[in-house]
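Please read the structure below before turning to the comments.
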Amino acid sequence: MHRFNITQPAAILLEAAGPLPVLLAQLVYIGQPLLDSVVPEGKWEEIANMLDDNAERQAFAEYLRRGGQE
């Protein structure tokens, strides 16, 4: 995300999208067998879990706003 300079828009989308991230999480869960051929196994599940959990989603948005620094 840093390479494409989309960290701030991604953070805003994660915070303001309402139920959209939960829907995206469900799509990732359904498509996981296909997605695993593109990304290392288990990474999509981590992304889906983050999208599905409001606290994790907010924490990730804050992480993006800080520029990826702990």
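Ordering of the structure tokens sets the chain letters (A, B, ...); residue numbers start at 1 within each chain; ligands are numbered from 1 in the order shown.
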Write out as JSON, numbers by chain which residues come within 10 Å of Leu23 (chain A) when counting only C-alpha atoms, dropping same-chain ones fewer than 5 positions away. {"A": [18, 28, 29, 48, 51, 52]}
Emit the selected residues as a CSV table (one decimal), in the first residue's frame, including C-alpha atoms.
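New file again.csv:
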```
chain,number,residue,atom,x,y,z
A,18,GLY,CA,-20.0,0.4,7.4
A,28,VAL,CA,-12.6,-13.9,1.0
A,29,TYR,CA,-13.7,-16.9,3.1
A,48,ALA,CA,-10.7,-12.0,6.3
A,51,LEU,CA,-12.1,-7.4,8.1
A,52,ASP,CA,-14.6,-9.4,10.1
```
Quick one: residues within 7 Å of Ala11 (chain A), only C-alpha atoms counted, chain neighbours fewer than 6 positions away excluded, as an NGL selection string? :A and (61 or 64-65)
Could you write those residues out with C-alpha atoms, as a PDB file, in the first residue's frame?
```
ATOM      1  CA  ALA A  61      -6.710   1.542  10.050  1.00  0.00           C
ATOM      2  CA  LEU A  64      -2.060   2.612   8.291  1.00  0.00           C
ATOM      3  CA  ARG A  65      -2.580   6.197   9.423  1.00  0.00           C
TER       4      ARG A  65
END
```
Could you state the separation of CA of Glu45 (chain A) and CA of Gln32 (chain A) in Å, given to one decimal place? 7.3 Å
Spatial neighbours of Pro21 (chain A), 10 Å, only C-alpha atoms, chain gap at least 2 places, as a ChimeraX atom specification: /A:13-19,23-27,48,50-54,57
Please save N, CA and C atoms of the selected residues as a compact mmCIF listing (two decimals), in the first residue's frame.
```
# COMPACT_ATOMS: atom_id res chain seq x y z
N LEU A 13 -11.38 4.04 4.14
CA LEU A 13 -12.34 3.04 3.68
C LEU A 13 -12.64 2.03 4.78
N LEU A 14 -11.61 1.57 5.49
CA LEU A 14 -11.82 0.61 6.57
C LEU A 14 -12.69 1.18 7.68
N GLU A 15 -12.54 2.47 7.95
CA GLU A 15 -13.29 3.10 9.03
C GLU A 15 -14.70 3.51 8.62
N ALA A 16 -14.89 3.91 7.39
CA ALA A 16 -16.16 4.50 6.98
C ALA A 16 -17.05 3.60 6.13
N ALA A 17 -16.61 2.40 5.85
CA ALA A 17 -17.34 1.57 4.90
C ALA A 17 -18.55 0.85 5.48
N GLY A 18 -18.80 1.01 6.77
CA GLY A 18 -19.96 0.35 7.38
C GLY A 18 -19.85 -1.15 7.28
N PRO A 19 -20.88 -1.83 6.78
CA PRO A 19 -20.86 -3.29 6.71
C PRO A 19 -20.06 -3.86 5.53
N LEU A 23 -18.80 -7.88 4.56
CA LEU A 23 -19.18 -8.56 3.32
C LEU A 23 -17.93 -9.02 2.56
N LEU A 24 -16.92 -8.16 2.49
CA LEU A 24 -15.67 -8.53 1.83
C LEU A 24 -15.02 -9.72 2.53
N ALA A 25 -15.09 -9.74 3.86
CA ALA A 25 -14.54 -10.87 4.61
C ALA A 25 -15.23 -12.16 4.21
N GLN A 26 -16.54 -12.12 4.06
CA GLN A 26 -17.27 -13.32 3.66
C GLN A 26 -16.87 -13.77 2.25
N LEU A 27 -16.66 -12.82 1.36
CA LEU A 27 -16.22 -13.16 0.01
C LEU A 27 -14.82 -13.80 0.03
N ALA A 48 -9.26 -11.82 6.07
CA ALA A 48 -10.69 -11.97 6.30
C ALA A 48 -11.03 -11.80 7.78
N MET A 50 -9.40 -10.04 9.95
CA MET A 50 -9.25 -8.62 10.27
C MET A 50 -10.47 -7.83 9.80
N LEU A 51 -10.94 -8.11 8.58
CA LEU A 51 -12.10 -7.41 8.05
C LEU A 51 -13.36 -7.73 8.84
N ASP A 52 -13.43 -8.93 9.36
CA ASP A 52 -14.61 -9.41 10.08
C ASP A 52 -14.70 -8.88 11.51
N ASP A 53 -13.58 -8.47 12.08
CA ASP A 53 -13.53 -8.03 13.48
C ASP A 53 -13.36 -6.51 13.54
N ASN A 54 -14.35 -5.83 14.10
CA ASN A 54 -14.34 -4.37 14.12
C ASN A 54 -13.12 -3.81 14.85
N ARG A 57 -10.08 -4.27 12.68
CA ARG A 57 -10.18 -3.37 11.52
C ARG A 57 -9.78 -1.96 11.92
```
Determine which residues of region 6-68 of chain A DSSP labels as helix (DSSP H, G or I) from the backbone of this structure, then write them out as a VMD selection string. chain A and resid 7 to 16 20 to 35 43 to 52 54 to 65
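Counting from CA of Thr7 (chain A), the distance to CA of Gly31 (chain A) is 24.4 Å.
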Take CA of Ala55 (chain A) and CA of Pro33 (chain A) and report the distance between them in Å, one decimal. 26.2 Å
